[in-house]
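These notes concern the structure reproduced below.
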Amino acid sequence: MKQLVLLICLLCSARAFTQDQSTCTDTMQIKSLILNEDRSVVIIKSKLVSPGDSVGFLYLIDGEFAIYRAQYMKDHFGDSLSNWIVVGIVNTDRRRDLLYVNGAAQFLDFITQELVPAVEKDYKIKQRILYGHSFGGSFAIYAMLRKPGNFDGYIASSPTPIMDLVQKESYLQMDSTCKDQVSFYFSCGSRDMKQVSKWSRNLSDNLSGLNFNKLDWQYQVLKGMDHNNSDVAALVNGLRFLKR
């Protein structure tokens with residue numbers, strides 16, 4: 001019942017997003033054998049995109065906010081993102097799926113083994129990016145360290161908690177095993193939670209002293225923003241860095 005109400009709300013929100021008639025928003029149900037549950041995803045794309053096209057895929061953790069974040073992207077990038085498809089992964093148990101001390105490994109397997117093949121099967125893939133905010137930001141970093149080759153770029157907005165994800169050795173090991181270039185953007189607001197600011201800064205300090213062959217990274221402090229409103233600025237700035 002809860003998921004049904006959520007999907008109705010998402011579809012109602014989509015009406016405002018698609019008023020310009022250039023974008024379509026759909027929902028997809030995926031029966032996950034890995035998670036042993038049905039999962040809902042929101043798919044947002046230009047009506048000009050057709051099966052067989054070469055497109056980029058942007059996967060958004062916390063898919064409840066996918067429409068709002070996609071609209072913000074459209075306001076800033078306009079038609080330059082018309083050949084991108086946004087996939088919002090709607091939550092069922094956020095703490096279970098996103099915290100690396102809980103069930104993040106299974107959730108990552110769901111994304112890479114079940115979700116990605118299901119939504120990308122009709123397209124040629126030019127780039128694949130994973131974005132997350134807060135717990136989602138922590139998950140994005142975890143996903144990069146655990147399976148770096150599954151995405152070309154990772155955006156971690158105000159990631160928390162990341163105390164165990166700032167170790168230099170983890171990034172050096174990841175870099176040594178990467179076959180292709182991996183881009184990594186992370187940020188926090190200048191008025192963010194103290195823990196988020198502290199550990200993001202620690203991660204930046206640790207990475208600054210290392211030489212990487214495959215990992216290209218950038219850290220930003222978003223001036224005047226806090227934990228609750230830094231998400232879309234991080235998304236836009238992260239895409240600019242990854243797409244440059």
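Just remember, in the structure tokens the first chain shown is A, the second B, etc., residues are 1-based per chain, and ligands are 1-based in the order shown.
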Exercise. Using only C-alpha atoms, determine which residues lie at most 12 Å from Tyr72 in chain A, disregarding the query and same-chain residues fewer than 2 positions distant; provide the list as a PyMOL selection string.
Key: chain A and resi 17+65-70+74-78+81+231-237
Mind writing the picked residues with N, CA, C and O atoms as a compact mmCIF listing (two decimals), in the first residue's frame?
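Below is the file that was written, again-v2.txt:
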```txt
# COMPACT_ATOMS: atom_id res chain seq x y z
N PHE A 17 6.41 18.17 -14.63
CA PHE A 17 7.70 18.04 -15.30
C PHE A 17 7.54 17.88 -16.81
O PHE A 17 8.39 18.29 -17.58
N PHE A 65 12.97 11.50 -5.18
CA PHE A 65 13.30 12.88 -5.55
C PHE A 65 13.80 12.98 -6.99
O PHE A 65 14.33 14.02 -7.38
N ALA A 66 13.64 11.93 -7.77
CA ALA A 66 14.19 11.90 -9.13
C ALA A 66 13.60 12.99 -10.01
O ALA A 66 14.32 13.65 -10.78
N ILE A 67 12.30 13.21 -9.95
CA ILE A 67 11.65 14.19 -10.81
C ILE A 67 12.12 15.60 -10.48
O ILE A 67 12.46 16.39 -11.37
N TYR A 68 12.17 15.91 -9.19
CA TYR A 68 12.63 17.22 -8.74
C TYR A 68 14.08 17.46 -9.18
O TYR A 68 14.43 18.54 -9.69
N ARG A 69 14.93 16.46 -9.01
CA ARG A 69 16.33 16.63 -9.37
C ARG A 69 16.52 16.67 -10.88
O ARG A 69 17.37 17.41 -11.38
N ALA A 70 15.73 15.91 -11.61
CA ALA A 70 15.82 15.94 -13.07
C ALA A 70 15.38 17.30 -13.60
O ALA A 70 15.95 17.82 -14.57
N LYS A 74 17.53 19.89 -15.85
CA LYS A 74 17.04 20.44 -17.11
C LYS A 74 17.12 21.96 -17.12
O LYS A 74 17.45 22.59 -18.13
N ASP A 75 16.82 22.57 -15.98
CA ASP A 75 16.90 24.04 -15.87
C ASP A 75 18.32 24.54 -16.10
O ASP A 75 18.51 25.65 -16.61
N HIS A 76 19.32 23.73 -15.73
CA HIS A 76 20.72 24.17 -15.83
C HIS A 76 21.41 23.73 -17.12
O HIS A 76 22.29 24.42 -17.61
N PHE A 77 21.01 22.59 -17.65
CA PHE A 77 21.69 22.05 -18.83
C PHE A 77 20.87 22.13 -20.10
O PHE A 77 21.42 21.99 -21.19
N GLY A 78 19.57 22.32 -19.97
CA GLY A 78 18.72 22.41 -21.15
C GLY A 78 18.79 21.17 -22.02
O GLY A 78 18.81 20.05 -21.53
N LEU A 81 21.30 17.62 -22.21
CA LEU A 81 21.09 16.32 -21.57
C LEU A 81 19.96 15.54 -22.23
O LEU A 81 19.43 14.58 -21.66
N ASP A 231 21.91 19.03 -2.30
CA ASP A 231 21.82 17.86 -3.18
C ASP A 231 21.84 18.22 -4.66
O ASP A 231 22.58 17.63 -5.45
N VAL A 232 21.02 19.21 -5.06
CA VAL A 232 20.93 19.51 -6.49
C VAL A 232 22.15 20.26 -7.01
O VAL A 232 22.58 20.07 -8.15
N ALA A 233 22.73 21.11 -6.16
CA ALA A 233 23.95 21.81 -6.57
C ALA A 233 25.08 20.81 -6.77
O ALA A 233 25.86 20.91 -7.73
N ALA A 234 25.16 19.83 -5.89
CA ALA A 234 26.17 18.79 -6.04
C ALA A 234 25.94 17.99 -7.31
O ALA A 234 26.89 17.62 -8.01
N LEU A 235 24.69 17.70 -7.62
CA LEU A 235 24.37 16.95 -8.82
C LEU A 235 24.80 17.70 -10.07
O LEU A 235 25.45 17.13 -10.97
N VAL A 236 24.47 18.98 -10.15
CA VAL A 236 24.82 19.79 -11.32
C VAL A 236 26.33 19.96 -11.43
O VAL A 236 26.92 19.77 -12.51
N ASN A 237 26.98 20.32 -10.33
CA ASN A 237 28.43 20.51 -10.37
C ASN A 237 29.16 19.19 -10.65
O ASN A 237 30.17 19.16 -11.36
```
Quiz item: What lies within 12 Å of Ser197 in chain A using only C-alpha atoms, ignoring chain neighbours under 2 positions off, as a PyMOL selection string?
Solution: chain A and resi 134+157-163+186-195+199-204+219-222+225-227
Exercise. Write out as a list in words the residues lying within 9 Å of Lys124 in chain A, counting only C-alpha atoms and excluding same-chain residues fewer than 2 positions away.
Key: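 The residues satisfying every condition are Pro51, Gly52, Asp53, Ser54, Val55, Gly56, Glu120, Lys121, Asp122 and Lys126 of chain A.
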Practice problem: Would you please work out which residue, of A:Arg240, A:Asn213, A:Leu48, A:Tyr171, is nearest to Met73 in chain A when using only C-alpha atoms? | Solution: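 Going through A:Arg240, A:Asn213, A:Leu48, A:Tyr171 one by one, the smallest distance to Met73 in chain A is for A:Arg240.
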Practice problem: For CA of Met174 in chain A and CA of Ser230 in chain A, determine how far apart the two atoms are, in Å to one decimal place. | Solution: 27.5 Å
Practice problem: Check range 30-163 of chain A with DSSP on the backbone and list each residue it calls strand (DSSP E or B), as a ChimeraX atom specification. | Solution: /A:30-32,37-46,54-61,84-89,124-133,153-157
What does the file look like for those residues with C-alpha atoms, as a PDB file, in the first residue's frame?
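selection.pdb, freshly written:
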```
ATOM      1  CA  ILE A  30      11.420  -5.046 -11.157  1.00  0.00           C
ATOM      2  CA  LYS A  31      11.020  -8.311  -9.303  1.00  0.00           C
ATOM      3  CA  SER A  32      14.353  -8.657  -7.544  1.00  0.00           C
ATOM      4  CA  GLU A  37      11.105  -7.998  -3.198  1.00  0.00           C
ATOM      5  CA  ASP A  38       9.577  -5.869  -5.927  1.00  0.00           C
ATOM      6  CA  ARG A  39      11.382  -2.590  -6.618  1.00  0.00           C
ATOM      7  CA  SER A  40      10.059   0.507  -8.332  1.00  0.00           C
ATOM      8  CA  VAL A  41      12.154   2.795 -10.514  1.00  0.00           C
ATOM      9  CA  VAL A  42      11.296   6.125 -12.122  1.00  0.00           C
ATOM     10  CA  ILE A  43      12.570   6.565 -15.676  1.00  0.00           C
ATOM     11  CA  ILE A  44      12.817  10.060 -17.154  1.00  0.00           C
ATOM     12  CA  LYS A  45      13.920  10.650 -20.729  1.00  0.00           C
ATOM     13  CA  SER A  46      13.495  12.916 -23.709  1.00  0.00           C
ATOM     14  CA  SER A  54      23.556   5.902 -27.869  1.00  0.00           C
ATOM     15  CA  VAL A  55      22.664   7.441 -24.512  1.00  0.00           C
ATOM     16  CA  GLY A  56      24.045   8.172 -21.078  1.00  0.00           C
ATOM     17  CA  PHE A  57      22.404   6.740 -17.976  1.00  0.00           C
ATOM     18  CA  LEU A  58      22.235   8.615 -14.694  1.00  0.00           C
ATOM     19  CA  TYR A  59      21.164   6.481 -11.728  1.00  0.00           C
ATOM     20  CA  LEU A  60      19.767   8.436  -8.792  1.00  0.00           C
ATOM     21  CA  ILE A  61      19.617   6.912  -5.324  1.00  0.00           C
ATOM     22  CA  TRP A  84      20.505  11.056 -21.220  1.00  0.00           C
ATOM     23  CA  ILE A  85      18.102   8.784 -19.357  1.00  0.00           C
ATOM     24  CA  VAL A  86      17.546   9.351 -15.635  1.00  0.00           C
ATOM     25  CA  VAL A  87      16.731   6.322 -13.493  1.00  0.00           C
ATOM     26  CA  GLY A  88      15.473   6.997  -9.967  1.00  0.00           C
ATOM     27  CA  ILE A  89      15.659   4.019  -7.600  1.00  0.00           C
ATOM     28  CA  LYS A 124      23.895   1.672 -26.664  1.00  0.00           C
ATOM     29  CA  ILE A 125      25.610   3.007 -23.554  1.00  0.00           C
ATOM     30  CA  LYS A 126      27.989   5.956 -23.839  1.00  0.00           C
ATOM     31  CA  GLN A 127      28.325   6.715 -20.108  1.00  0.00           C
ATOM     32  CA  ARG A 128      26.889   5.474 -16.816  1.00  0.00           C
ATOM     33  CA  ILE A 129      26.866   7.601 -13.643  1.00  0.00           C
ATOM     34  CA  LEU A 130      25.733   6.895 -10.075  1.00  0.00           C
ATOM     35  CA  TYR A 131      24.558   9.740  -7.816  1.00  0.00           C
ATOM     36  CA  GLY A 132      23.596   9.725  -4.155  1.00  0.00           C
ATOM     37  CA  HIS A 133      23.008  12.243  -1.365  1.00  0.00           C
ATOM     38  CA  GLY A 153      31.434   8.278 -12.756  1.00  0.00           C
ATOM     39  CA  TYR A 154      30.293   8.651  -9.162  1.00  0.00           C
ATOM     40  CA  ILE A 155      28.756  11.702  -7.469  1.00  0.00           C
ATOM     41  CA  ALA A 156      28.606  11.684  -3.663  1.00  0.00           C
ATOM     42  CA  SER A 157      26.671  14.633  -2.233  1.00  0.00           C
TER      43      SER A 157
END
```
Exercise. Using DSSP on the backbone coordinates, identify all residues within range 13-159 of chain A classified as alpha helix (DSSP H); present the result as JSON, numbers by chain.
Key: {"A": [13, 14, 15, 16, 17, 66, 67, 68, 69, 70, 71, 72, 73, 74, 75, 76, 77, 94, 95, 96, 97, 98, 104, 105, 106, 107, 108, 109, 110, 116, 117, 118, 119, 120, 135, 136, 137, 138, 139, 140, 141, 142, 143, 144, 145, 146]}
Self-check item: Polymer residues at most 12 Å from Arg96 in chain A, only C-alpha atoms, same-chain spacing of 3 or more positions, as a VMD selection string
Solution: chain A and resid 35 91 to 93 99 to 108 135 to 136 139
Would you put the residues from that selection into a file with N, CA and C atoms, as a PDB file, in the first residue's frame?
```
ATOM      1  N   LEU A  35      17.113  -9.175  -3.778  1.00  0.00           N
ATOM      2  CA  LEU A  35      16.544  -8.537  -2.596  1.00  0.00           C
ATOM      3  C   LEU A  35      15.275  -9.228  -2.106  1.00  0.00           C
ATOM      4  N   ASN A  91      13.096   3.948  -2.784  1.00  0.00           N
ATOM      5  CA  ASN A  91      13.457   3.199  -1.582  1.00  0.00           C
ATOM      6  C   ASN A  91      12.341   2.273  -1.097  1.00  0.00           C
ATOM      7  N   THR A  92      12.760   1.197  -0.460  1.00  0.00           N
ATOM      8  CA  THR A  92      11.849   0.388   0.362  1.00  0.00           C
ATOM      9  C   THR A  92      12.350   0.375   1.803  1.00  0.00           C
ATOM     10  N   ASP A  93      13.652   0.163   1.970  1.00  0.00           N
ATOM     11  CA  ASP A  93      14.274   0.196   3.301  1.00  0.00           C
ATOM     12  C   ASP A  93      15.615   0.901   3.146  1.00  0.00           C
ATOM     13  N   LEU A  99      23.404   1.780   3.821  1.00  0.00           N
ATOM     14  CA  LEU A  99      24.503   1.784   4.781  1.00  0.00           C
ATOM     15  C   LEU A  99      25.405   0.577   4.556  1.00  0.00           C
ATOM     16  N   TYR A 100      26.696   0.835   4.382  1.00  0.00           N
ATOM     17  CA  TYR A 100      27.616  -0.250   4.036  1.00  0.00           C
ATOM     18  C   TYR A 100      27.779  -1.270   5.160  1.00  0.00           C
ATOM     19  N   VAL A 101      27.375  -0.927   6.374  1.00  0.00           N
ATOM     20  CA  VAL A 101      27.441  -1.898   7.474  1.00  0.00           C
ATOM     21  C   VAL A 101      26.199  -2.778   7.501  1.00  0.00           C
ATOM     22  N   ASN A 102      25.222  -2.473   6.674  1.00  0.00           N
ATOM     23  CA  ASN A 102      23.994  -3.260   6.619  1.00  0.00           C
ATOM     24  C   ASN A 102      23.935  -4.068   5.326  1.00  0.00           C
ATOM     25  N   GLY A 103      22.960  -3.744   4.437  1.00  0.00           N
ATOM     26  CA  GLY A 103      22.757  -4.549   3.239  1.00  0.00           C
ATOM     27  C   GLY A 103      23.189  -3.910   1.945  1.00  0.00           C
ATOM     28  N   ALA A 104      24.170  -3.001   1.997  1.00  0.00           N
ATOM     29  CA  ALA A 104      24.592  -2.291   0.792  1.00  0.00           C
ATOM     30  C   ALA A 104      25.146  -3.224  -0.278  1.00  0.00           C
ATOM     31  N   ALA A 105      25.788  -4.315   0.135  1.00  0.00           N
ATOM     32  CA  ALA A 105      26.363  -5.243  -0.844  1.00  0.00           C
ATOM     33  C   ALA A 105      25.272  -5.862  -1.706  1.00  0.00           C
ATOM     34  N   GLN A 106      24.185  -6.266  -1.080  1.00  0.00           N
ATOM     35  CA  GLN A 106      23.070  -6.846  -1.829  1.00  0.00           C
ATOM     36  C   GLN A 106      22.400  -5.803  -2.715  1.00  0.00           C
ATOM     37  N   PHE A 107      22.252  -4.587  -2.201  1.00  0.00           N
ATOM     38  CA  PHE A 107      21.620  -3.523  -2.982  1.00  0.00           C
ATOM     39  C   PHE A 107      22.456  -3.194  -4.213  1.00  0.00           C
ATOM     40  N   LEU A 108      23.766  -3.177  -4.054  1.00  0.00           N
ATOM     41  CA  LEU A 108      24.647  -2.923  -5.186  1.00  0.00           C
ATOM     42  C   LEU A 108      24.540  -4.046  -6.204  1.00  0.00           C
ATOM     43  N   PHE A 135      23.039   9.413   2.977  1.00  0.00           N
ATOM     44  CA  PHE A 135      23.285   7.965   2.971  1.00  0.00           C
ATOM     45  C   PHE A 135      23.581   7.485   1.551  1.00  0.00           C
ATOM     46  N   GLY A 136      22.881   8.093   0.585  1.00  0.00           N
ATOM     47  CA  GLY A 136      23.106   7.744  -0.817  1.00  0.00           C
ATOM     48  C   GLY A 136      24.496   8.114  -1.284  1.00  0.00           C
ATOM     49  N   PHE A 139      26.730   5.499  -0.050  1.00  0.00           N
ATOM     50  CA  PHE A 139      26.578   4.303  -0.877  1.00  0.00           C
ATOM     51  C   PHE A 139      27.325   4.456  -2.204  1.00  0.00           C
TER      52      PHE A 139
END
```
Practice problem: Identify, on the basis of only C-alpha atoms, every residue whose closest approach to Lys179 in chain A does not exceed 12 Å; exclude the query and any residue fewer than 5 positions from it along the same chain; express the result as a ChimeraX atom specification. | Solution: /A:147-152,174,213-215
